[in-house]
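J.: See entry.tsv below, with TSV, C-alpha atoms.
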chain	number	residue	atom	x	y	z
A	296	MET	CA	18.61	-4.28	-15.74
A	297	ILE	CA	17.67	-7.90	-16.58
A	298	GLU	CA	18.68	-8.98	-13.08
A	299	SER	CA	16.34	-6.39	-11.52
A	300	PHE	CA	13.51	-7.58	-13.77
A	301	LEU	CA	14.01	-11.20	-12.68
A	302	THR	CA	14.33	-10.26	-8.99
A	303	VAL	CA	11.08	-8.30	-8.97
A	304	GLY	CA	9.40	-11.03	-11.00
A	305	ARG	CA	10.33	-13.68	-8.43
A	306	GLN	CA	8.94	-11.57	-5.59
A	307	ILE	CA	5.64	-11.04	-7.40
A	308	ILE	CA	5.34	-14.77	-8.09
A	309	THR	CA	5.81	-15.36	-4.35
A	310	LEU	CA	2.97	-12.95	-3.59
A	311	TYR	CA	0.78	-14.70	-6.16
A	312	LEU	CA	1.39	-18.02	-4.43
A	313	LEU	CA	0.28	-16.47	-1.13
A	314	MET	CA	-2.85	-15.17	-2.83
A	315	ALA	CA	-3.42	-18.64	-4.30
A	316	VAL	CA	-3.54	-20.07	-0.77
A	317	GLY	CA	-6.30	-17.64	0.16
A	318	TYR	CA	-8.08	-18.32	-3.13
A	319	VAL	CA	-8.18	-22.07	-2.51
A	320	LEU	CA	-9.31	-21.60	1.09
A	321	GLY	CA	-12.05	-19.26	-0.11
A	322	LYS	CA	-13.24	-21.68	-2.80
A	323	LEU	CA	-13.33	-24.48	-0.22
A	324	LYS	CA	-15.27	-22.13	2.09
A	325	LEU	CA	-12.64	-22.57	4.80
A	326	ILE	CA	-12.42	-18.75	4.91
A	327	ASP	CA	-15.72	-16.90	4.68
A	328	ASP	CA	-16.46	-13.17	4.63
A	329	HIS	CA	-16.49	-13.06	8.44
A	330	GLY	CA	-13.08	-14.74	8.63
A	331	ALA	CA	-11.61	-12.39	6.01
A	332	ALA	CA	-12.99	-9.38	7.90
A	333	SER	CA	-11.45	-10.66	11.15
A	334	MET	CA	-8.04	-11.12	9.52
A	335	SER	CA	-8.31	-7.64	8.00
A	336	THR	CA	-8.94	-6.23	11.47
A	337	LEU	CA	-5.89	-8.09	12.79
A	338	VAL	CA	-3.72	-6.58	10.05
A	339	MET	CA	-5.00	-3.02	10.51
A	340	TYR	CA	-4.99	-2.90	14.30
A	341	ILE	CA	-2.05	-5.14	15.26
A	342	VAL	CA	0.21	-6.34	12.43
A	343	SER	CA	0.79	-3.05	10.56
A	344	PRO	CA	1.45	-1.03	13.75
A	345	CYS	CA	3.98	-3.67	14.84
A	346	MET	CA	5.68	-3.45	11.45
A	347	LEU	CA	6.09	0.32	11.84
A	348	LEU	CA	7.36	-0.11	15.40
A	349	VAL	CA	10.03	-2.58	14.32
A	350	ALA	CA	11.10	-0.56	11.26
A	351	PHE	CA	11.66	2.60	13.32
A	352	GLN	CA	13.92	1.00	15.92
A	353	ARG	CA	17.13	2.40	14.44
A	354	PRO	CA	19.36	5.50	14.68
A	355	ILE	CA	18.09	8.79	13.22
A	356	GLU	CA	19.05	9.32	9.57
A	357	HIS	CA	18.68	12.46	7.46
A	358	ASN	CA	17.49	10.61	4.34
A	359	PHE	CA	14.41	9.49	6.24
A	360	TYR	CA	13.06	13.05	6.17
A	361	VAL	CA	13.91	13.37	2.48
A	362	VAL	CA	11.80	10.31	1.67
A	363	VAL	CA	8.92	11.59	3.84
A	364	ALA	CA	8.94	14.96	2.06
A	365	VAL	CA	9.09	13.48	-1.44
A	366	SER	CA	6.44	10.88	-0.55
A	367	LEU	CA	4.09	13.66	0.52
A	368	LEU	CA	4.75	15.51	-2.74
A	369	LEU	CA	4.03	12.36	-4.75
A	370	HIS	CA	0.79	11.58	-2.92
A	371	VAL	CA	-0.48	15.14	-3.40
A	372	ALA	CA	0.23	14.82	-7.12
A	373	PHE	CA	-1.54	11.45	-7.24
A	374	ILE	CA	-4.61	12.83	-5.46
A	375	VAL	CA	-4.90	15.87	-7.73
A	376	LEU	CA	-4.38	13.94	-10.96
A	377	SER	CA	-6.77	11.14	-10.00
A	378	ARG	CA	-9.49	13.68	-9.14
A	379	LEU	CA	-8.99	15.32	-12.54
A	380	MET	CA	-8.85	12.15	-14.64
A	381	ILE	CA	-11.16	9.58	-13.03
A	382	HIS	CA	-14.87	10.00	-13.70
A	383	ASP	CA	-17.67	7.48	-13.31
A	384	THR	CA	-21.44	7.85	-13.22
A	385	ASP	CA	-21.58	5.45	-10.26
A	386	ARG	CA	-20.41	7.54	-7.28
A	387	HIS	CA	-19.63	4.52	-5.13
A	388	ARG	CA	-17.52	2.96	-7.89
A	389	ARG	CA	-15.70	6.25	-8.48
A	390	ASN	CA	-14.83	6.44	-4.78
A	391	LEU	CA	-13.22	2.99	-4.94
A	392	LEU	CA	-11.36	3.93	-8.12
A	393	LEU	CA	-9.99	7.12	-6.55
A	394	PHE	CA	-8.58	5.14	-3.65
A	395	ALA	CA	-7.17	2.47	-5.98
A	396	ALA	CA	-5.36	5.08	-8.08
A	397	VAL	CA	-3.75	7.01	-5.22
A	398	PHE	CA	-2.76	4.31	-2.73
A	399	SER	CA	-0.39	1.52	-3.69
A	400	ASN	CA	0.39	-1.79	-2.02
A	401	CYS	CA	3.65	-0.15	-0.92
A	402	GLY	CA	4.14	-2.27	2.19
A	403	PHE	CA	2.82	-5.72	1.37
A	404	MET	CA	4.32	-5.82	-2.14
A	405	GLY	CA	6.94	-3.09	-1.82
A	406	TYR	CA	8.97	-4.28	1.16
A	407	PRO	CA	9.94	-7.71	-0.24
A	408	VAL	CA	11.11	-6.10	-3.49
A	409	MET	CA	13.01	-3.33	-1.66
A	410	THR	CA	14.77	-5.88	0.54
A	411	SER	CA	15.77	-8.00	-2.45
A	412	LEU	CA	17.28	-5.07	-4.35
A	413	ILE	CA	18.93	-2.86	-1.68
A	414	GLY	CA	18.76	-4.77	1.60
A	415	THR	CA	17.16	-3.94	4.96
A	416	ILE	CA	17.83	-0.22	4.55
A	417	GLY	CA	15.21	-0.36	1.82
A	418	VAL	CA	12.55	-1.34	4.35
A	419	PHE	CA	13.57	1.61	6.56
A	420	TYR	CA	13.30	4.09	3.69
A	421	GLY	CA	10.13	2.33	2.60
A	422	SER	CA	8.67	2.90	6.06
A	423	ALA	CA	9.13	6.64	5.50
A	424	TYR	CA	6.92	6.36	2.42
A	425	ASN	CA	4.56	4.24	4.49
A	426	VAL	CA	4.24	7.05	7.06
A	427	ILE	CA	2.64	9.29	4.44
A	428	PHE	CA	0.66	6.40	2.97
A	429	THR	CA	-0.73	5.40	6.37
A	430	PHE	CA	-1.65	8.93	7.45
A	431	LEU	CA	-3.34	9.83	4.16
A	432	SER	CA	-5.08	6.48	3.65
A	433	TRP	CA	-6.63	6.65	7.13
A	434	THR	CA	-7.72	10.26	6.59
A	435	TYR	CA	-8.23	11.30	2.95
A	436	GLY	CA	-8.51	7.65	1.90
A	437	ILE	CA	-11.42	6.89	4.23
A	438	TYR	CA	-13.16	10.08	3.13
A	439	ALA	CA	-12.59	9.21	-0.55
A	440	ILE	CA	-13.91	5.67	-0.23
A	441	THR	CA	-16.95	6.51	1.91
A	442	GLY	CA	-17.76	10.01	0.71
A	443	ASP	CA	-18.59	10.75	4.35
A	444	LYS	CA	-17.41	14.20	5.43
A	445	THR	CA	-17.81	13.26	9.09
A	446	GLN	CA	-14.70	11.14	8.62
A	447	LEU	CA	-12.76	14.42	8.32
A	448	LYS	CA	-13.59	15.46	11.88
A	449	LEU	CA	-10.62	15.72	14.24
A	450	ARG	CA	-11.51	12.73	16.43
A	451	PRO	CA	-11.74	10.06	13.67
A	452	LEU	CA	-8.69	11.60	11.96
A	453	LEU	CA	-6.51	11.19	15.05
A	454	LEU	CA	-8.02	8.24	16.90
A	455	ASN	CA	-7.49	5.46	14.39
A	456	PRO	CA	-4.85	2.68	14.45
A	457	GLY	CA	-2.98	4.03	11.42
A	458	VAL	CA	-2.28	7.50	12.79
A	459	ILE	CA	-1.77	6.30	16.39
A	460	SER	CA	0.84	3.76	15.30
A	461	ILE	CA	2.70	6.41	13.27
A	462	VAL	CA	2.77	8.86	16.18
A	463	LEU	CA	4.02	6.19	18.58
A	464	ALA	CA	6.67	4.84	16.21
A	465	LEU	CA	7.89	8.35	15.30
A	466	ALA	CA	8.04	9.41	18.95
A	467	LEU	CA	10.25	6.43	19.81
A	468	TYR	CA	12.38	7.10	16.71
A	469	LEU	CA	12.88	10.83	17.32
A	470	LEU	CA	13.55	10.35	21.04
A	471	GLU	CA	15.91	7.47	20.18
A	472	ILE	CA	14.20	5.14	22.65
A	473	THR	CA	15.16	1.49	22.22
A	474	LEU	CA	12.50	-0.94	23.34
A	475	PRO	CA	13.51	-4.05	25.32
A	476	ASP	CA	13.66	-7.47	23.68
A	477	ILE	CA	10.63	-8.66	25.65
A	478	ILE	CA	8.55	-6.18	23.60
A	479	MET	CA	10.46	-6.29	20.33
A	480	THR	CA	10.48	-10.06	19.96
A	481	PRO	CA	6.69	-10.54	19.81
A	482	ALA	CA	6.36	-7.31	17.79
A	483	THR	CA	8.84	-8.71	15.25
A	484	TYR	CA	6.93	-11.98	15.01
A	485	LEU	CA	3.68	-10.11	14.40
A	486	SER	CA	5.27	-7.73	11.88
A	487	ALA	CA	6.37	-10.75	9.83
A	488	LEU	CA	2.67	-11.33	9.04
A	489	ASN	CA	2.47	-7.99	7.24
A	490	THR	CA	2.90	-9.56	3.80
A	491	PRO	CA	1.38	-13.08	3.94
A	492	LEU	CA	-1.79	-12.32	5.88
A	493	PRO	CA	-3.11	-9.50	3.63
A	494	MET	CA	-2.29	-11.55	0.54
A	495	VAL	CA	-4.27	-14.51	1.89
A	496	VAL	CA	-7.19	-12.14	2.61
A	497	VAL	CA	-7.08	-10.72	-0.93
A	498	GLY	CA	-6.87	-14.26	-2.32
A	499	SER	CA	-9.92	-15.37	-0.36
A	500	GLN	CA	-11.86	-12.34	-1.59
A	501	LEU	CA	-10.64	-13.06	-5.13
A	502	SER	CA	-12.31	-16.49	-4.94
A	503	HIS	CA	-15.68	-14.79	-5.43
A	504	ALA	CA	-14.54	-11.65	-7.25
A	505	ASP	CA	-15.98	-10.40	-10.52
A	506	PHE	CA	-13.18	-9.49	-12.94
A	507	ARG	CA	-15.57	-8.16	-15.56
A	508	ALA	CA	-16.96	-5.67	-13.06
A	509	ALA	CA	-13.43	-4.56	-12.12
A	510	LEU	CA	-12.59	-3.84	-15.77
A	511	LYS	CA	-15.93	-2.33	-16.71
A	512	GLY	CA	-15.80	1.12	-18.30
A	513	ALA	CA	-13.03	3.47	-19.33
A	514	SER	CA	-12.59	4.77	-15.77
A	515	SER	CA	-11.33	1.35	-14.62
A	516	TRP	CA	-8.66	1.26	-17.33
A	517	ILE	CA	-7.66	4.87	-16.68
A	518	THR	CA	-7.28	4.06	-12.99
A	519	MET	CA	-5.09	1.06	-13.74
A	520	LEU	CA	-2.90	3.00	-16.18
A	521	LEU	CA	-2.45	5.79	-13.63
A	522	ARG	CA	-1.56	3.41	-10.80
A	523	LEU	CA	0.72	1.02	-12.70
A	524	VAL	CA	2.31	3.22	-15.38
A	525	ALA	CA	1.76	6.97	-15.15
A	526	PHE	CA	2.31	7.48	-11.42
A	527	PRO	CA	5.47	5.31	-11.25
A	528	LEU	CA	6.96	7.17	-14.22
A	529	LEU	CA	5.96	10.51	-12.69
A	530	SER	CA	7.67	9.44	-9.46
A	531	LEU	CA	10.83	8.49	-11.34
A	532	GLY	CA	10.85	11.83	-13.15
A	533	ILE	CA	10.44	13.78	-9.90
A	534	CYS	CA	13.19	11.78	-8.17
A	535	LEU	CA	15.60	12.36	-11.07
A	536	ALA	CA	14.70	16.07	-11.19
A	537	LEU	CA	15.41	16.38	-7.45
A	538	GLY	CA	18.74	14.60	-7.84
A	539	LEU	CA	17.99	11.87	-5.27
A	540	ASN	CA	20.50	9.06	-4.93
A	541	SER	CA	19.83	5.68	-6.49
A	542	ASP	CA	18.68	3.94	-3.28
A	543	LEU	CA	16.09	6.60	-2.44
A	544	THR	CA	14.87	6.72	-6.03
A	545	MET	CA	14.57	2.94	-6.14
A	546	VAL	CA	12.53	2.82	-2.91
A	547	LEU	CA	10.17	5.62	-3.93
A	548	VAL	CA	9.50	4.21	-7.39
A	549	ILE	CA	9.02	0.65	-6.11
A	550	ALA	CA	6.46	1.97	-3.62
A	551	ALA	CA	4.72	4.02	-6.32
A	552	SER	CA	4.71	1.19	-8.88
A	553	ALA	CA	2.89	-1.35	-6.71
A	554	PRO	CA	-0.75	-2.13	-7.57
A	555	ALA	CA	-3.73	-0.86	-5.60
A	556	ALA	CA	-3.39	-1.26	-1.85
A	557	ALA	CA	-4.87	-4.37	-0.24
A	558	LEU	CA	-6.20	-1.86	2.30
A	559	LEU	CA	-8.90	-1.06	-0.27
A	560	SER	CA	-10.45	-4.50	0.28
A	561	MET	CA	-10.02	-4.21	4.04
A	562	PHE	CA	-11.65	-0.77	4.20
A	563	ALA	CA	-14.48	-2.02	1.99
A	564	SER	CA	-15.08	-4.78	4.54
A	565	LYS	CA	-14.75	-2.43	7.51
A	566	PHE	CA	-17.20	0.15	6.15
A	567	GLU	CA	-19.58	-2.47	4.69
A	568	LEU	CA	-19.03	-1.43	1.08
A	569	ASP	CA	-18.78	-3.63	-2.04
A	570	THR	CA	-15.95	-5.99	-0.99
A	571	GLU	CA	-16.25	-8.06	-4.16
A	572	LEU	CA	-15.68	-5.03	-6.40
A	573	ALA	CA	-12.88	-3.72	-4.18
A	574	SER	CA	-11.04	-7.06	-4.08
A	575	SER	CA	-11.56	-7.46	-7.83
A	576	MET	CA	-9.88	-4.09	-8.45
A	577	VAL	CA	-6.94	-5.07	-6.24
A	578	SER	CA	-6.66	-8.50	-7.87
A	579	VAL	CA	-6.81	-7.24	-11.46
A	580	GLN	CA	-4.16	-4.59	-10.82
A	581	THR	CA	-1.98	-7.14	-9.02
A	582	ALA	CA	-2.24	-9.42	-12.07
A	583	PHE	CA	-1.12	-6.67	-14.48
A	584	SER	CA	1.63	-5.55	-12.07
A	585	ALA	CA	3.41	-8.85	-12.70
A	586	LEU	CA	4.52	-7.21	-15.96
A	587	THR	CA	4.57	-3.48	-15.20
A	588	MET	CA	6.44	-3.56	-11.86
A	589	PRO	CA	9.51	-5.43	-13.15
A	590	LEU	CA	9.67	-3.15	-16.20
A	591	VAL	CA	9.43	0.06	-14.16
A	592	VAL	CA	11.96	-1.07	-11.55
A	593	SER	CA	14.35	-2.21	-14.31
A	594	LEU	CA	14.06	1.27	-15.83
A	595	VAL	CA	14.96	2.80	-12.46
A	596	ASP	CA	17.98	0.50	-12.20
A	597	TYR	CA	19.09	1.63	-15.66
A	598	LEU	CA	18.54	5.37	-15.23
A	599	ALA	CA	19.31	5.93	-11.54
Represent the structure contained in this file as structure tokens.

T.:
Amino acid sequence: MIESFLTVGRQIITLYLLMAVGYVLGKLKLIDDHGAASMSTLVMYIVSPCMLLVAFQRPIEHNFYVVVAVSLLLHVAFIVLSRLMIHDTDRHRRNLLLFAAVFSNCGFMGYPVMTSLIGTIGVFYGSAYNVIFTFLSWTYGIYAITGDKTQLKLRPLLLNPGVISIVLALALYLLEITLPDIIMTPATYLSALNTPLPMVVVGSQLSHADFRAALKGASSWITMLLRLVAFPLLSLGICLALGLNSDLTMVLVIAASAPAAALLSMFASKFELDTELASSMVSVQTAFSALTMPLVVSLVDYLA
């Protein structure tokens, strides 16, 4: 249990150092809002799809479908509970809080921790969780953050980089098509940016973030408690009730215990919303997760 706590703690410190790089560059004005938006676009349209492509280049495994099914169940529970419990008089702020509660930094923060604890198979199982995360964040998530019902039309739901990359990666996986090295090598290089680049972006946005605004009001604290404590424990309880093995339980709870997704800041930039508030929410939750994530994952190691 202590070993798991220390392992997760080391990974989070690494992520903080990456954020510190972005923070310094932002303070020195070497990365401005335009540069952060450009890097966000690179992550959303190139880096994340390459990560999915690389993760799915492996033989078909039954447990993959188990993780997909449980991940969908967990996200539905998160959406329902967040809608019931998060209230704010500022509609725009509430939209950001709803996204922050439901969607975790399951890839950027989850994958390094999964790899450290259970090896590369953890990334594969984690990619199954990421399938649901990606689909819902690019559909329900965009609707939640913008409040724009036109985002729920069929064309924007299907023709976005998140859903397209899932469909392509799943098609190759289910058809057991192995891509040649000439494609996989550059895709692997690009996928390696999936953790450092978003953390640098969040760090640069943190350089002019307002922490007091991110913690203002009871709704902010409720959101943070849901994301960092209640939802991870709910996920653990559901996994234990379903009798999942320890590896699957560990992956699902790690993914669910991560702080608010860095995608919140990127979407805020893409849709011209309040990027300072969005990045502040991500940063504050990331700070508190330095304590909560190791504790939750240690509990999983003890119980599962």

J.: Measuring between only C-alpha atoms, which one of A:Leu310, A:Leu492, A:Gly442, A:Thr480 shows the shortest distance to Leu391 in chain A?

T.: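 Once distances to Leu391 in chain A are computed over only C-alpha atoms, the minimum belongs to A:Gly442.
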
J.: Identify which of the residues A:Ser399, A:Thr410, A:Thr483, A:Ser366 lies closest to Gln352 in chain A, counting all atoms listed in the file when measuring atom-to-atom distances.

T.: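 Result for the nearest residue to Gln352 in chain A: A:Thr483.
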
J.: So how far away is CA of Val397 in chain A from CA of Gly304 in chain A, in Å?

T.: 23.1 Å

J.: Give me the residues within 12 Å of Thr570 in chain A as a ChimeraX atom specification, counting all atoms listed in the file and dropping any in the same chain fewer than 3 places off.

T.: /A:328-329,331-332,335,387-388,391,440,496-497,499-505,509,557-567,573-578

J.: If we count only C-alpha atoms, what is near range 534-551 of chain A at a cut-off of 6 Å, once residues fewer than 5 positions away on the same chain are taken out, given as a list in words?

T.: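 Contacts, with the query itself left out: Cys401, Gly405, Pro527 and Ala599 of chain A.
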
J.: Got a sec: who's within 12 Å of range 452-464 of chain A, counting only C-alpha atoms, leaving out chain neighbours fewer than 6 positions off, as a PyMOL selection string?

T.: chain A and resi 336-353+422-438+444-446+470-474+558

J.: Determine the nearest neighbour of Leu531 in chain A from the options A:Phe359, A:Phe419, A:Phe394, A:Tyr597, counting all atoms listed in the file.

T.: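 When distances to Leu531 in chain A are compared using all atoms listed in the file, the smallest one comes from A:Tyr597.
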
J.: Rank A:Phe506, A:Leu590, A:Pro493, A:His370 by their smallest atom-to-atom distance to Ser333 in chain A, using only C-alpha atoms, and report the top residue only.

T.: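 Ranked by minimum distance to Ser333 in chain A, first place goes to A:Pro493.
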